[in-house]
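S.K.: Could you have a look at this structure, given as structure tokens, before my questions?
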Amino acid sequence: MFFITYLRRELRRRMRQAILIALGLALGIGLVVTVTAASAGVKKAQSDVLKSLYGVGTDVTVTGKAPKPPSPGSGPPKGGQTLQIGPGGAQVCTNGKCRSAAGQKIDHLDSASYGPISQSKVAAISRLRGVKAAAGGLALSDTSITIPQKFGQPGGSLPTPSSFNVQGVDTGHLSLGPLSAGTVTAGRSLTGSDAHSDVAVVDSGYAKTSKLKVGSTVKIVGHSFKVAGIVAQPQGGSPPQVYIPLARAQALGKAAGKSLKNDVNTIYVKADSAASIPAVQTEIKKLLPGDTVTSASSLASQVTGSLSSTAKLANNFGRWLSILVLIAAFAVASLLTMAAVTRRVREFGTLKALGWRSRRIIAQVMGESLVTGIVGGAAGVALGFAGAAIITKAAPQLTATIASATGQRVQSVGGGVARSFSPTASHTVAVPMSATVTAVAIAAAVVLAIVGALLAGSFGSWRIARLRPTDALSRVA
Amino acid sequence: MYRLTDVTRLYAKGRGTIPAVRDLTLVIEDGEWLAVQGRTGHGKSTLLNLLGGLDRPTSGTIELDGRDLARLREHQVTRLRAETIGFIFQTFNLVPTLSAAENVEAALIPLRIGAVERRRRVDAALDWVGLGDRARHLPGELSGGQQQRAAIARALVKEPKVLLADEPTGNLDEDTRDEIIGLLERLWRERGLTLILVTHDTAIARRAQRVGVMSKGLLSVHPADRQRAATGEPGY
């Protein structure tokens, strides 16, 4: 076919220029693909962080209003414990009755970050318009410490308490909540029949560090729970370490010394469509005015740390850099194409004299530009893959800090004033950075290559359309 | 048949205009060979461009077989060039990346002729100009004379009614010049086409039926004495 022969020969003749144009486009497109891949990787990391907290498919999360920390000098709440240090050594006091603290183990299962929400509100939310499903959960922290014999005396110091997060799971709605994002790696997950049983599912990381297996027991405020399964959460998250049936968590957990029976502190809500989410959020706020209602998107905005900085870098600087490089590449491609057309005006004038219509000559030039663009696009995609691979391999591990979202924090033992453990209102997790080239990015690269090529070709075409054969033929070869 | 009536072509230069062709009235019969001579810049090439529909007159009419080139739309003139008019240029104007055969084939592309028929006609045209064995050579691999032969093959492959040649021997040595002119004359005789040839070379002009001399945009035409030119009698 004459068109192909002519196109091939012309590209071969102007090989260096064609390579230069293709390289320019490849650089721009490669950058776009890399930035898109990095952005997708960051989004995935964010998504993993959020999924590990609230599970797959949760659109809106309601958390109880955080209780006020006890003010210095105030007494403990009813049932709360204080650790008092006096001349006779350390004493643990409950409701005014004190006993020696030496050698005693203090163990609490508290909801420290979130206040309680009546379980009846879960049903109320599930009846709201636009709500597909709602499930309650209890995010608790089991904190224990053994008071040393010499504590309170000279040279006796308080050891760091051990703590792990316990999640009460509504076994009737297992598709919502943190457990839904996990993959069972051993044993089984919780089921509806476990609602009142002392069974637990353990996070794989916690199982490894605590040497737990299916069939082992894990102690929660002195109660033994049999490990039914081990679950792995998405990378980058900071999942609860132990999942137990909600009813058991309600029975054992406390908030400010009060029992959590018939209470939850988190409600996971799934909307019937993405469009319903804002309305659902508004309705829930009306229903629970004092509590915090968070959608997945607004929660993502609360994520800070290097993950957030990288997301901003990818979305802002990376995007603008890509656009600038693309514009530069398009401009260079256009200028070089114009220059090539200028050098070939005599040739085009001859073709016009032979009876070639302008549009046939334009098609020829467009074809040459298109092939250059496609080659540049393919090279750009390859560069993008290489860039993404380099980012994945060389990028440092990112951290994500989620302010007051985890609900699992170390709290003081009881409500006493003598000592308190530093409460943490934010949670920082390490997130591996993985840049993934998506099909959408490849499609975008192909479109950009074609657009760039057509843009460059159209400048040349404009020149050809204006070309008068007599002017072209009067040029000295 | 060409019929030119009061043709004027003005070019803008600075604030004024320069007449490249002035008040030209001329009839060129079918099958006629007209040589056009004149000094550089006196309108020879402009006349050829007007006859080939590459340029349009500022005023007047240029009719080819009754169709006024000045009034035809651009695509109609382009079609006319593709079907009816062959061009030969001083600098050959071959596409450097295409072989001799492909350059010749380029003239058939606008006619939408099938590939097999194109190949047949290209081979025949190249054989006719004696370049059959160089069909696959690129222009850069051909001598000046061979390049002009390829250009002639490109002009004749579409079997035009009119052949416009702008100083076709201007870039050739004397032997090659005679060879090319001989080829053009044979083409004119055998195919009965109208040949309008611009040349500085009086010896070539004398071989035409009529000679026109362009001077400051004005053309004066007179019959050439072919007999005297052929015998090389002094005074010519």
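Labels used: A, B, ... for chains in the order of the structure tokens, numbers from 1 for residues in each chain, and numbers from 1 for ligands as shown.
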Write down as a PyMOL selection string the residues of range 183-329 of chain A whose backbone DSSP state falls under strand (DSSP E or B).

M.R.: chain A and resi 183-187+199-203+217-220+223-232+242-245+254-255+258-259+263-264+266-271+292-295+303-304

S.K.: Report as CSV the residues of chain B within 7 Å of chain A, each with its shortest atom pair and distance in Å (one decimal), using only C-alpha atoms, ordered by chain and increasing residue number.

M.R.:
```
residue,atom,partner,partner_atom,distance
B:Asn49,CA,A:Thr470,CA,6.9
B:Leu54,CA,A:Thr470,CA,6.0
B:Asp55,CA,A:Thr470,CA,6.6
B:Thr78,CA,A:Gly355,CA,4.9
B:Arg79,CA,A:Gly355,CA,6.0
B:Arg81,CA,A:Gly355,CA,5.1
B:Ala82,CA,A:Gly355,CA,3.9
B:Asn93,CA,A:Thr350,CA,6.5
B:Val95,CA,A:Glu347,CA,6.2
B:Thr97,CA,A:Arg9,CA,5.6
B:Leu98,CA,A:Tyr6,CA,6.9
B:Ala107,CA,A:Leu354,CA,5.6
B:Pro110,CA,A:Trp356,CA,5.6
```

S.K.: To one decimal place in Å, what is the distance between CA of Leu94 in chain B and CA of Val157 in chain B?

M.R.: 14.5 Å

S.K.: Go ahead and compute the interatomic distance for CA of Leu260 in chain A and CA of Gly205 in chain A, in Å to one decimal.

M.R.: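 Distance reported for this atom pair: 27.8 Å.
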
S.K.: Select from range 1-185 of chain B everything DSSP, run on the backbone, classes as alpha helix (DSSP H), then give the selection as a ChimeraX atom specification.

M.R.: /B:44-51,74-84,100-106,115-128,144-156,174-185

S.K.: Would you mind listing what lies within 7 Å of range 136-140 of chain A as an mmCIF file with C-alpha atoms, in the first residue's frame, with only C-alpha atoms counted and same-chain residues fewer than 6 positions away left out?

M.R.:
```
data_model
loop_
_atom_site.group_PDB
_atom_site.id
_atom_site.type_symbol
_atom_site.label_atom_id
_atom_site.label_comp_id
_atom_site.auth_asym_id
_atom_site.auth_seq_id
_atom_site.Cartn_x
_atom_site.Cartn_y
_atom_site.Cartn_z
ATOM 1 C CA LEU A 109 -11.201 -3.657 79.141
ATOM 2 C CA ASP A 110 -12.104 -0.085 78.416
ATOM 3 C CA SER A 111 -13.604 2.028 75.712
ATOM 4 C CA VAL A 122 -28.112 0.733 65.440
ATOM 5 C CA ASN A 165 -7.019 -3.941 71.125
ATOM 6 C CA VAL A 166 -10.201 -5.964 71.299
ATOM 7 C CA GLN A 167 -12.989 -5.543 68.799
ATOM 8 C CA GLY A 168 -16.517 -6.615 69.640
ATOM 9 C CA VAL A 169 -18.030 -7.877 66.397
ATOM 10 C CA ASP A 170 -21.718 -8.095 65.576
ATOM 11 C CA LEU A 246 -20.114 -8.192 70.439
ATOM 12 C CA ALA A 249 -17.387 -7.513 74.589
ATOM 13 C CA VAL A 264 -21.761 -0.056 71.274
ATOM 14 C CA ASN A 265 -19.219 2.663 70.576
ATOM 15 C CA THR A 266 -18.990 2.361 66.822
ATOM 16 C CA ILE A 267 -21.693 1.881 64.216
ATOM 17 C CA TYR A 268 -20.765 0.812 60.678
ATOM 18 C CA GLY A 407 -10.369 4.210 69.332
ATOM 19 C CA GLN A 408 -7.637 2.053 70.703
#
```

S.K.: In Å, rounded to a single decimal, give me how far CA of Pro278 in chain A is from CA of Arg127 in chain A.

M.R.: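 Answer for the CA of Arg127 in chain A to CA of Pro278 in chain A separation: 16.2 Å.
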